[in-house]
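What follows is the content of input12.txt (compact mmCIF, C-alpha atoms).
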# COMPACT_ATOMS: atom_id res chain seq x y z
CA MET A 1 -17.95 -1.67 2.52
CA ARG A 2 -19.02 -0.94 6.09
CA GLY A 3 -22.09 -2.59 7.47
CA HIS A 4 -23.04 -5.84 9.13
CA GLY A 5 -20.84 -7.93 6.82
CA GLY A 6 -17.90 -5.65 7.54
CA ILE A 7 -18.47 -5.85 11.28
CA ARG A 8 -18.69 -9.64 11.12
CA ARG A 9 -15.40 -9.75 9.25
CA ALA A 10 -13.84 -7.38 11.78
CA GLU A 11 -15.08 -9.58 14.64
CA ALA A 12 -13.63 -12.64 12.93
CA ILE A 13 -10.25 -10.94 12.51
CA VAL A 14 -10.20 -9.79 16.14
CA ALA A 15 -11.08 -13.32 17.30
CA ALA A 16 -8.38 -14.83 15.05
CA LEU A 17 -5.81 -12.46 16.56
CA GLY A 18 -6.58 -13.97 19.96
CA GLY A 19 -9.38 -11.64 20.98
CA ALA A 20 -9.48 -7.97 21.93
CA ALA A 21 -7.44 -8.53 25.10
CA ASN A 22 -4.61 -10.03 23.05
CA ILE A 23 -4.34 -7.04 20.69
CA VAL A 24 -1.88 -4.36 21.81
CA ASP A 25 -2.13 -2.27 18.68
CA ILE A 26 -3.63 -2.50 15.20
CA GLU A 27 -3.30 -0.01 12.37
CA PRO A 28 -4.02 -0.08 8.64
CA CYS A 29 -1.34 0.53 6.03
CA THR A 30 -3.11 0.78 2.68
CA THR A 31 -3.23 -2.95 1.92
CA ARG A 32 -2.55 -4.60 5.27
CA LEU A 33 -3.34 -4.47 8.96
CA ARG A 34 -0.30 -4.25 11.18
CA SER A 35 -1.06 -5.62 14.57
CA GLU A 36 0.96 -6.22 17.67
CA VAL A 37 -0.27 -8.97 19.97
CA ARG A 38 0.58 -10.00 23.53
CA ASP A 39 0.70 -13.73 22.81
CA ALA A 40 1.57 -14.67 19.23
CA ALA A 41 0.71 -18.32 19.95
CA ARG A 42 -2.95 -17.36 20.16
CA VAL A 43 -3.04 -16.08 16.57
CA ASP A 44 -5.10 -18.39 14.36
CA GLU A 45 -3.76 -18.09 10.80
CA PRO A 46 -6.35 -20.35 9.13
CA ALA A 47 -9.09 -18.26 10.77
CA LEU A 48 -7.47 -15.05 9.49
CA ARG A 49 -7.44 -16.51 5.98
CA ALA A 50 -11.06 -17.60 6.37
CA ALA A 51 -11.86 -13.98 7.32
CA GLY A 52 -10.39 -12.80 4.01
CA ALA A 53 -6.65 -12.45 4.62
CA ILE A 54 -4.57 -12.95 1.47
CA ALA A 55 -1.51 -13.67 3.59
CA VAL A 56 -0.30 -13.46 7.17
CA LEU A 57 3.24 -12.32 7.94
CA ARG A 58 4.56 -12.92 11.44
CA SER A 59 7.60 -11.56 13.17
CA GLY A 60 7.43 -12.18 16.92
CA PRO A 61 4.56 -10.15 18.37
CA VAL A 62 4.03 -8.28 15.09
CA VAL A 63 1.42 -9.86 12.85
CA GLN A 64 0.70 -8.32 9.45
CA VAL A 65 -2.61 -9.36 7.97
CA VAL A 66 -2.60 -8.70 4.22
CA VAL A 67 -6.18 -7.91 3.21
CA GLY A 68 -5.84 -5.76 0.10
CA PRO A 69 -7.07 -2.23 -0.48
CA GLN A 70 -9.97 -2.58 1.99
CA ALA A 71 -7.48 -2.41 4.88
CA ASP A 72 -8.56 1.06 5.98
CA SER A 73 -12.28 0.28 6.12
CA ILE A 74 -11.61 -3.03 7.87
CA ALA A 75 -9.50 -1.16 10.44
CA CYS A 76 -12.41 1.25 11.04
CA ASP A 77 -14.71 -1.72 11.63
CA ILE A 78 -12.17 -3.27 13.98
CA GLU A 79 -12.01 -0.02 15.95
CA ASP A 80 -15.79 -0.23 16.29
CA VAL A 81 -15.53 -3.83 17.46
CA LEU A 82 -12.77 -3.03 19.96
CA GLY A 83 -14.74 -0.04 21.21
CA MET B 1 -6.34 0.11 -21.18
CA THR B 2 -4.49 2.07 -18.53
CA ARG B 3 -1.01 3.50 -19.02
CA VAL B 4 0.69 3.72 -15.65
CA LEU B 5 3.39 6.38 -15.28
CA SER B 6 6.34 6.44 -12.94
CA PRO B 7 5.56 8.64 -9.93
CA VAL B 8 9.24 9.40 -9.42
CA ALA B 9 12.51 9.52 -11.33
CA GLY B 10 15.03 6.80 -10.66
CA ARG B 11 15.80 3.26 -11.71
CA ALA B 12 13.17 0.59 -12.34
CA ILE B 13 13.93 -2.57 -10.36
CA GLY B 14 10.77 -4.69 -10.61
CA LEU B 15 8.54 -5.69 -7.71
CA ALA B 16 10.78 -8.64 -6.85
CA GLY B 17 13.44 -6.13 -5.83
CA VAL B 18 11.28 -4.57 -3.11
CA PRO B 19 12.48 -5.44 0.41
CA ASP B 20 8.97 -6.32 1.59
CA PRO B 21 7.32 -9.69 0.96
CA VAL B 22 3.84 -8.27 0.39
CA PHE B 23 5.07 -6.28 -2.59
CA ALA B 24 7.87 -8.60 -3.71
CA GLN B 25 5.48 -11.56 -3.95
CA ALA B 26 2.78 -9.42 -5.60
CA MET B 27 0.29 -10.31 -2.86
CA VAL B 28 -1.84 -7.23 -3.49
CA GLY B 29 -1.20 -7.13 -7.22
CA PRO B 30 1.46 -7.08 -9.93
CA GLY B 31 3.45 -4.02 -10.92
CA THR B 32 6.98 -2.76 -10.61
CA ALA B 33 9.14 -0.62 -8.38
CA VAL B 34 11.45 2.34 -8.77
CA ASP B 35 14.56 3.08 -6.73
CA PRO B 36 14.22 6.86 -6.65
CA VAL B 37 16.82 9.50 -7.34
CA ARG B 38 18.10 10.69 -3.96
CA ALA B 39 16.72 14.21 -4.04
CA ALA B 40 13.64 15.89 -2.60
CA GLY B 41 10.80 15.91 -5.07
CA ARG B 42 7.09 15.63 -5.72
CA ALA B 43 5.59 12.25 -6.50
CA ILE B 44 2.94 12.42 -9.22
CA ALA B 45 -0.34 10.67 -9.98
CA PRO B 46 0.45 7.55 -12.07
CA VAL B 47 -2.92 7.68 -13.86
CA THR B 48 -5.77 10.12 -14.38
CA GLY B 49 -8.53 9.44 -11.90
CA ARG B 50 -9.72 9.91 -8.34
CA ILE B 51 -7.49 9.72 -5.28
CA VAL B 52 -9.39 7.15 -3.22
CA LYS B 53 -6.70 6.74 -0.55
CA LEU B 54 -4.15 9.28 0.50
CA HIS B 55 -1.61 8.79 3.24
CA PRO B 56 1.58 10.81 3.52
CA HIS B 57 3.57 7.76 2.40
CA ALA B 58 1.14 6.06 0.03
CA TYR B 59 -1.79 6.77 -2.27
CA VAL B 60 -4.22 5.01 -4.57
CA VAL B 61 -5.63 6.55 -7.75
CA VAL B 62 -8.56 4.82 -9.50
CA ASP B 63 -9.16 5.61 -13.16
CA ASP B 64 -12.39 5.52 -15.18
CA GLU B 65 -11.82 1.82 -15.97
CA ASP B 66 -11.91 1.12 -12.22
CA HIS B 67 -8.20 0.31 -12.24
CA GLY B 68 -6.68 1.23 -8.86
CA VAL B 69 -2.97 1.97 -8.81
CA LEU B 70 -1.12 2.05 -5.51
CA VAL B 71 1.99 4.19 -5.12
CA HIS B 72 3.89 3.34 -1.95
CA LEU B 73 6.70 5.82 -1.23
CA GLY B 74 9.39 3.85 0.56
CA ILE B 75 9.12 0.67 2.63
CA GLU B 76 7.78 0.62 6.20
CA THR B 77 7.35 4.36 5.83
CA VAL B 78 4.06 4.23 7.74
CA LYS B 79 6.35 4.21 10.78
CA LEU B 80 7.56 7.72 9.92
CA LYS B 81 4.05 9.00 10.78
CA GLY B 82 4.14 11.47 7.92
CA ARG B 83 7.43 13.10 8.90
CA GLY B 84 9.19 14.33 5.77
CA PHE B 85 6.06 14.03 3.63
CA ALA B 86 3.62 16.79 2.62
CA LEU B 87 0.28 16.26 0.92
CA LEU B 88 -0.26 18.30 -2.24
CA ALA B 89 -3.77 16.97 -2.91
CA ALA B 90 -6.69 15.64 -0.89
CA GLU B 91 -8.43 12.28 -0.71
CA GLY B 92 -11.33 12.36 -3.15
CA ASP B 93 -9.63 14.79 -5.55
CA GLU B 94 -9.73 14.15 -9.27
CA VAL B 95 -6.21 14.36 -10.67
CA ASN B 96 -4.60 14.15 -14.06
CA ALA B 97 -1.73 11.73 -14.61
CA GLY B 98 1.44 13.68 -13.86
CA GLU B 99 -0.05 16.02 -11.26
CA PRO B 100 1.90 16.16 -7.98
CA VAL B 101 0.29 14.33 -5.06
CA VAL B 102 2.92 14.15 -2.29
CA ALA B 103 6.14 16.07 -1.64
CA TRP B 104 8.80 13.90 -0.04
CA ASP B 105 12.53 13.41 0.31
CA PRO B 106 14.06 9.97 -0.31
CA VAL B 107 17.25 11.17 1.40
CA ALA B 108 15.33 11.84 4.63
CA VAL B 109 13.55 8.47 4.37
CA GLU B 110 16.90 6.72 4.04
CA ALA B 111 18.35 8.78 6.90
CA ALA B 112 15.44 7.56 9.03
CA GLY B 113 16.53 3.98 8.35
CA ARG B 114 13.91 3.05 5.72
CA SER B 115 14.26 2.03 2.11
CA PRO B 116 12.98 4.78 -0.23
CA ILE B 117 12.09 2.26 -2.95
CA CYS B 118 8.67 3.06 -4.45
CA ALA B 119 6.30 0.22 -5.28
CA VAL B 120 3.74 0.88 -8.04
CA VAL B 121 1.05 -1.78 -7.90
CA ALA B 122 -1.96 -2.63 -10.07
CA LEU B 123 -4.28 -3.49 -7.19
CA ASP B 124 -6.09 -6.82 -7.53
CA ALA B 125 -4.99 -7.19 -11.17
CA ASP B 126 -4.22 -10.61 -12.63
CA GLY B 127 -0.54 -11.09 -13.40
CA GLY B 128 -1.34 -11.41 -17.08
CA ALA B 129 -3.19 -8.10 -17.17
CA LEU B 130 0.01 -6.06 -17.36
CA THR B 131 2.10 -5.64 -20.47
CA ARG B 132 5.32 -3.83 -21.24
CA VAL B 133 6.32 -3.86 -17.57
CA ARG B 134 9.50 -1.90 -17.06
CA ALA B 135 11.60 -3.76 -14.51
CA ASP B 136 15.05 -2.32 -15.13
CA GLY B 137 16.85 0.72 -16.41
CA PRO B 138 16.56 4.42 -15.69
CA VAL B 139 13.14 6.08 -15.70
CA HIS B 140 12.09 9.69 -15.69
CA GLN B 141 9.15 10.90 -13.70
CA GLY B 142 6.20 10.25 -16.02
CA THR B 143 7.88 7.44 -17.96
CA GLU B 144 5.39 4.64 -18.67
CA LEU B 145 6.02 1.76 -16.22
CA PHE B 146 3.41 -0.66 -17.54
CA THR B 147 0.14 -0.93 -19.40
CA TRP B 148 -2.87 -2.47 -17.66
CA VAL B 149 -5.28 -4.11 -20.10
Give the structure from the file, written as structure tokens.
Amino acid sequence: MRGHGGIRRAEAIVAALGGAANIVDIEPCTTRLRSEVRDAARVDEPALRAAGAIAVLRSGPVVQVVVGPQADSIACDIEDVLG
Amino acid sequence: MTRVLSPVAGRAIGLAGVPDPVFAQAMVGPGTAVDPVRAAGRAIAPVTGRIVKLHPHAYVVVDDEDHGVLVHLGIETVKLKGRGFALLAAEGDEVNAGEPVVAWDPVAVEAAGRSPICAVVALDADGGALTRVRADGPVHQGTELFTWV
């Protein structure tokens, strides 16, 4: 699944989470990405859905992006994007 | 047709009984859940196939019909960082249904403040693809939980 399409999706997810500077932590958990952000107001849910999220669960600074079984490969791409 | 076996012994409760909205609302697929017997044990492969994902607290086995079954041992157990879990197989391994994949202890999971309930999910399946879904009553390890057509 990795490749240019994967990187574009990872970039879209990072942008929808408010950009790299807004992301404190992001880790995959089998079917979802668990992220912690500095400013939850900057999270763009419609953009996350447009990037392939099935659902977005928010609890304060913790944002869970449900993406299905590709979560691990998406997280790898996001690591590449975040450098 | 894929027969999906219970990875643990316990009581079937259905996905709706899982204290996590992703599983309870079947966001990643339909299935069921088992409230495990409170004793250390070895969770087994629910189907015969290849282990495509293996974490201490969760694994996915894909069979020769390309049906991927997720077993998630406990809720929010990613936070335990593998403590209390031991891998008995490796990612990429071919396993037979019933072979042990992860050793774990539901008592320790509960002591760490997490629910030990195990979700068993037919990844990306349509709701109508599952038949004979067991959503209540006691189950043995290896009892059929549902059939995936």
Inset, instruction - Check the smallest atom-to-atom distance from each of B:Val62, B:Ala40, B:Met1, B:Val47 to chain A using all atoms listed in the file, then report the winner. - result: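 Smallest separation from chain A among the options: B:Val62.
All of the residues in chain B within 9 Å of chain A are Pro21, Val22, Met27, Val28, Gly29, Lys53, Leu54, His55, Ala58, Tyr59, Val60, Leu70, His72, Val78, Leu123 and Asp124 of chain B, where all atoms listed in the file were counted.
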Inset, instruction - Write out as a PyMOL selection string each polymer residue whose atoms come within 10 Å of range 36-50 of chain A, counting only C-alpha atoms; drop sequence neighbours fewer than 2 positions from it. - result: chain A and resi 9+12-27+33-34+52-67
Legend entry - Nearest to Val8 in chain B by atom-to-atom distance, counting only C-alpha atoms, from B:Gly127, B:Pro36, B:Pro46, B:Pro100: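 With only C-alpha atoms as the atom set, the closest residue is B:Pro36.
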Inset, instruction - Determine, counting all atoms listed in the file, which protein, DNA and RNA residues have an atom within 10 Å of an atom of Val18 in chain B; residues of the same chain fewer than 5 positions away are not included. Present the result as a ChimeraX atom specification. - result: /B:13,23-25,32-35,74-75,115-119
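The space between CA of Gly14 in chain B and CA of Gly137 in chain B spans 10.0 Å.
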Inset, instruction - Record the distance separating CA of Phe85 in chain B and CA of Pro7 in chain B, expressed in Å with one decimal. - result: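 That distance, rounded to one decimal, is 14.6 Å.
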Inset, instruction - Identify the residues around (-4.0, 15.4, -2.5) within a radius of 9 Å, measuring from all atoms listed in the file in the coordinates stated by the file, and give them as a list in words. - result: Ile51, Leu54, Tyr59, Leu87, Leu88, Ala89, Ala90, Glu91, Gly92, Asp93, Glu94, Val95, Pro100, Val101 and Val102 of chain B
